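Engineer: My structure is below; once you've seen it, I'll send some questions.
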Amino acid sequence: MWRWHPCCSRVWLRRTLRLRTGFVRSVADRMNCPDATVPFLRFVEAPTMSADDVVKTMRHLVQERCADVKLLAALSKRFHSYAEEFFPPQIEELVGHFATLGYTDAHLRHGTLGRLQDVTSDASPRRVLRLMRAMTTLRWPAKEWFPDAVRPALRRHLPNFHEGIPSALIFLQDMRWKDAELEELLLTQGFIVAEELGDVYLARVLEAWSRMGSTDPEAVDRSKQMVHNICGPGAQKHRELGHDLRDALNVLATLTRMCPKSQERSTLEAHLASQLSAVNSTEAMLALQWLQRLALDSAPIWKACAEVTELALEEKNFVRDHFAHAVHCLASVAGEQTQAALISQLISSPEVKHGAPRLSAEKTLQVLHAASMMDLKDSVVADWESQAARLARQMSLPDRRTLRIISDARPTASKLKTAMAQLPIAHLPPLRVSPESDELEAVQIGGDVLLQPKGGGKEGIKYMGHWDSLVGRGKPKGQSSPSCQLSIRAKRKAKCKPEATNTVASTCEVERMRKVKEPFLDMFVSALTKGDPDPSEMAWHLTWRCIDAWRSDAPAACSLMLFSEALPGHVNLCDVLEAIDYHHYVRGEIGSDRWEERRVNAHELLEKLKNVEVSPRSFSVLHRAVSVACAWKDGPSEELKALSLATAKAVCQRDPEGACPICLLGWQPEDSVLVLSCNHVLHVDCFWKMITAAGSDALRGCCRVCRTPVYWGPVARSNLRCTLASALAAALVRQQRAGGGLTQADVTEYCSRVSQEIGDTFEQVWMEVPHQLLKVQHKTSLPSREMASLQRLFETLPPNPFYANLDQILEMDY
């Protein structure tokens, strides 16, 4: 007889806890990955993975629909660092996987562009098309990869292209590349191949070519002839063309773009509408998917497909497997208010509500996106918003970008906004268009970046892509699609976030923060001008306020701790290092926006110091410290300009007859100067020239006037390291453009000079220069291949030539 054993209780309890807690992650998080430890192990192993392991890991991530931005960034960085180890097929496969996941960054782009010639030199036609598909999906600028590498391979394989001609034409349009000669060659090759493959293939070629916006008499005549083959008396002889609805829709799209008012187009549209009214749900779904792919607005065909979808709701399998995709396709090509009413009726039907809880994250997003494109009522969308917020962690990166646009367009979606705030989203680069894009500017919408006309006169965004506009009879050319209209609404809502009713509240907040900063400013000015309190005592007063980052006075106290490096006399190094740690902690906890609102800025300091005398050295160090605390990274801000002027003014007042010891020019109020610890002054540009000029190593890090070693604190030193590394990166780019033939020995010498001059370590300067190169590449015309070769000089850290033996390293005074 069976009896209950105590061990059974332990086993039952252990299994119950596993089901309830899901070990580390919830059940929703375990949908995309079998074990919570797997992503962590992948991230740890990413910097040392071999080429085969990187490709193998990317295959698994594609299967899991991974959205781990940090892991993808680590794998991309690994690929860029050791791009020479990857074979061309591996590079092509790797880029394709990143395109499938919807992630790109500078490491992936430069690593691929550096090896692109190797990948395309012996590439087959299929590999060329796969590369075009991946790079177009990732929105890499076509001028970087298409003209010099992919286009020659495309031209070389042109006689060998058969099935790939429609894809090549579509990719040319997607990348916004205008090349009339290449388009004409592809169309001619398509006509030649169609003699063997027939009208079904020709319909695909003509549909892809019609997306270019051009008209060809032969293409129009052949399309009209195909309409007669589908609908005319002899249609039975050409059953292969009308057998698949997709082929007939290709012909309809071609005629809609090239001659929308032709009789043949109307005849074919009526024929397809009557044919679709008698099909089953499977064929209706096929037609809907093709309508969405062609961006074709046809009211009769749309109505026929919608009626079939409505009747199919009685089937539970259709609701579970196909309804989400069907309603999303219907909404994507809808253009009338009556169509919106029908979509609202479909989403609100009892059959859909009953099956909604069992839909996956992807299908839930499709229904929510369809409802948002049609701008349906909150009562229809509310339940779908809640379900999408609950399943948001299962969504891929492209899905998360779409969800971010929906949350921006619907201000009442509080649950959705809360869920999106907790998910990392990496946006794609801006859409690239033809040379007229010089009049456009990039605008971020949710997790995506699009293009808008400059000047702010137009509310809408300028869309240039095939998917961005619907094509239909009686419609103006370039009418934006429902998806684009949703993005426009998202931009308008984002622009109108600060409401007029909050003006009084924001004014009160500014006044309250001014009162919070007042005692801290008085303490700092007293320490700066009178030496009371001393730096250590002031650091003690400020430190305990930084422990809790969410205190209202924590940013003000933390910023003044950073500025304490400008105080005269001896400053405790431990206090400054502690201030740097608190700065990272507070700013990371509350975010850059709140940090900027609550920290002490330069204007408030200068207002307090306008009636007191301050040494030029204090102003110079204060300028460097404020630059570290400032979140402005797009050039000199107004407060930094004010500090620079204050420093030059103090120098002119103290030494009106003085001059720079390097260029021997007298001081001017608008000069940008640097004050050394010995109080000798020189221009910032002259300081850089002094570093790059050849000279005795014994003078490095010393004043050239009095030979006194120059001291910089950790805060000012970090700012000088970034500034000089940026100047060095720009100089290396100029030398590389001029064909300088840089070697690692040259770069090592430059970095060593910078590190010695500011008293920094060689390793920190060496690691900072590649970061600055990534910023410089966006502002320079240096080809990507040469930029990649320049960045590869920094992949391995060489020994510092100025400290060759261990004794000298141990004797350094850090």
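Note on naming: chains are A, B, ... as they come in the structure tokens, residues start from 1 per chain, ligands start from 1 in the order shown.
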As a VMD selection string, which residues of region 591-812 of chain A does DSSP assign to helix (DSSP H, G or I)?
Structural biologist: chain A and resid 592 to 598 602 to 609 616 to 629 638 to 654 684 to 692 697 to 699 714 to 737 744 to 758 762 to 776 784 to 794 806 to 810
Engineer: Show which residues sit within 9 Å of Arg390 (chain A), as number ranges by chain. Count only C-alpha atoms, and ignore same-chain residues fewer than 3 positions away.
Structural biologist: A: 28, 361, 385-387, 393, 415-416, 419
Engineer: Please build the interface table for region 586-614 of chain A against region 554-570 of chain A with a cut-off of 9 Å, listing for each qualifying residue the nearest atom pair and the distance in Å to one decimal; count only C-alpha atoms, order rows by chain and increasing number, and write it as CSV.
Structural biologist:
residue,atom,partner,partner_atom,distance
A:Val586,CA,A:Pro555,CA,6.8
A:Arg587,CA,A:Pro555,CA,7.8
A:Arg594,CA,A:Pro555,CA,8.7
A:Trp595,CA,A:Pro555,CA,6.1
A:Glu596,CA,A:Pro555,CA,8.5
A:Glu597,CA,A:Pro555,CA,8.8
A:Arg598,CA,A:Pro555,CA,5.7
A:Arg599,CA,A:Ala556,CA,4.3
A:Val600,CA,A:Ala556,CA,5.2
A:Asn601,CA,A:Ser559,CA,8.4
Engineer: With C-alpha atoms retained, could you export that selection as an mmCIF file, in the first residue's frame?
Structural biologist:
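Okay, part_27.cif is ready:
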data_model
loop_
_atom_site.group_PDB
_atom_site.id
_atom_site.type_symbol
_atom_site.label_atom_id
_atom_site.label_comp_id
_atom_site.auth_asym_id
_atom_site.auth_seq_id
_atom_site.Cartn_x
_atom_site.Cartn_y
_atom_site.Cartn_z
ATOM 1 C CA VAL A 586 23.676 61.178 -7.850
ATOM 2 C CA ARG A 587 23.532 61.889 -11.553
ATOM 3 C CA ARG A 594 17.025 66.616 -12.945
ATOM 4 C CA TRP A 595 20.753 66.986 -12.284
ATOM 5 C CA GLU A 596 20.914 69.989 -14.610
ATOM 6 C CA GLU A 597 17.903 71.578 -12.944
ATOM 7 C CA ARG A 598 19.204 71.240 -9.374
ATOM 8 C CA ARG A 599 22.990 71.538 -9.567
ATOM 9 C CA VAL A 600 24.846 74.817 -9.032
ATOM 10 C CA ASN A 601 25.627 76.328 -12.421
#
Engineer: Please provide the set of residues having any atom within 8 Å of Asn572 (chain A), restricted to only C-alpha atoms, with same-chain residues fewer than 2 positions apart removed, written as a PyMOL selection string.
Structural biologist: chain A and resi 535-536+570+574-576
Engineer: Using N, CA and C atoms, can you write the selected residues to a file as a PDB file, in the first residue's frame?
Structural biologist:
ATOM      1  N   PRO A 535      38.764  73.718   2.903  1.00  0.00           N
ATOM      2  CA  PRO A 535      38.175  72.726   1.997  1.00  0.00           C
ATOM      3  C   PRO A 535      37.702  71.449   2.687  1.00  0.00           C
ATOM      4  N   SER A 536      38.453  70.958   3.663  1.00  0.00           N
ATOM      5  CA  SER A 536      38.056  69.709   4.330  1.00  0.00           C
ATOM      6  C   SER A 536      36.791  69.901   5.149  1.00  0.00           C
ATOM      7  N   HIS A 570      45.715  73.857   0.022  1.00  0.00           N
ATOM      8  CA  HIS A 570      45.786  72.412  -0.185  1.00  0.00           C
ATOM      9  C   HIS A 570      44.393  71.800  -0.099  1.00  0.00           C
ATOM     10  N   CYS A 574      41.468  62.884  -1.233  1.00  0.00           N
ATOM     11  CA  CYS A 574      40.398  61.927  -0.940  1.00  0.00           C
ATOM     12  C   CYS A 574      39.025  62.577  -1.052  1.00  0.00           C
ATOM     13  N   ASP A 575      38.920  63.850  -0.621  1.00  0.00           N
ATOM     14  CA  ASP A 575      37.644  64.554  -0.731  1.00  0.00           C
ATOM     15  C   ASP A 575      37.243  64.730  -2.190  1.00  0.00           C
ATOM     16  N   VAL A 576      38.214  65.026  -3.056  1.00  0.00           N
ATOM     17  CA  VAL A 576      37.903  65.221  -4.477  1.00  0.00           C
ATOM     18  C   VAL A 576      37.486  63.900  -5.120  1.00  0.00           C
TER      19      VAL A 576
END
Engineer: Identify which of the residues A:Ser526, A:Ser277, A:Ser677, A:Ser718 lies closest to Ala625 (chain A), counting only C-alpha atoms when measuring atom-to-atom distances.
Structural biologist: A:Ser718
Engineer: Excluding Thr282 (chain A) and its own-chain neighbours fewer than 2 positions away, which residues fall within 10 Å of it when counting only C-alpha atoms? Please give them as an NGL selection string.
Structural biologist: :A and (279-280 or 284-288 or 308-309 or 312 or 318 or 322)
Engineer: For Val705 (chain A), which residue among A:Ala106, A:Val681, A:Ala788, A:Cys686 is the nearest when counting only C-alpha atoms?
Structural biologist: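 The answer is A:Val681, which sits nearest to Val705 (chain A).
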Engineer: One decimal, Å: what's the distance from CA of Leu187 (chain A) over to CA of Arg265 (chain A), could you say?
Structural biologist: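 Distance between the two atoms: 21.6 Å.
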Engineer: Residues of region 100-121 of chain A within 9 Å of region 133-143 of chain A: nearest atom pair and distance (Å, one decimal) for each, counting only C-alpha atoms, sorted by chain and number, as CSV?
Structural biologist:
residue,atom,partner,partner_atom,distance
A:Thr100,CA,A:Ala134,CA,7.9
A:Gly102,CA,A:Leu138,CA,6.7
A:Tyr103,CA,A:Leu138,CA,7.2
A:Thr104,CA,A:Leu138,CA,6.4
A:Arg109,CA,A:Trp140,CA,7.6
Engineer: May I have the residues within 6 Å of Arg65 (chain A) as a compact mmCIF listing (two decimals) with C-alpha atoms, in the first residue's frame, using only C-alpha atoms and disregarding those fewer than 3 positions away in the same chain?
Structural biologist:
# COMPACT_ATOMS: atom_id res chain seq x y z
CA LEU A 61 19.76 35.42 -30.04
CA VAL A 62 17.82 35.59 -33.31
CA SER A 396 12.01 42.55 -29.67
Engineer: Nearest to Leu101 (chain A): which of A:Lys641, A:His427, A:Arg404, A:Arg512 is it, counting only C-alpha atoms?
Structural biologist: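 Selected residue with least distance to Leu101 (chain A): A:His427.
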Engineer: Can you work out the spacing between CA of Arg257 (chain A) and CA of Ala331 (chain A) in Å, to one decimal?
Structural biologist: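 Taking CA of Arg257 (chain A) and CA of Ala331 (chain A), their separation equals 20.9 Å.
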Engineer: Rounded to one decimal in Å, what is the spacing between CA of Arg320 (chain A) and CA of Gly355 (chain A)?
Structural biologist: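 Rounded to one decimal, the two atoms are 6.5 Å apart.
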Engineer: Excluding same-chain residues fewer than 4 positions from Leu252 (chain A), what lies within 9 Å of it counting only C-alpha atoms, as a list in words?
Structural biologist: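 So the residues in contact are Glu207, Ser223, Val227, Asp247, Ala248, Thr256, Arg257, Glu264, Arg265, Ser266, Leu268, Glu269 and Leu296 of chain A.
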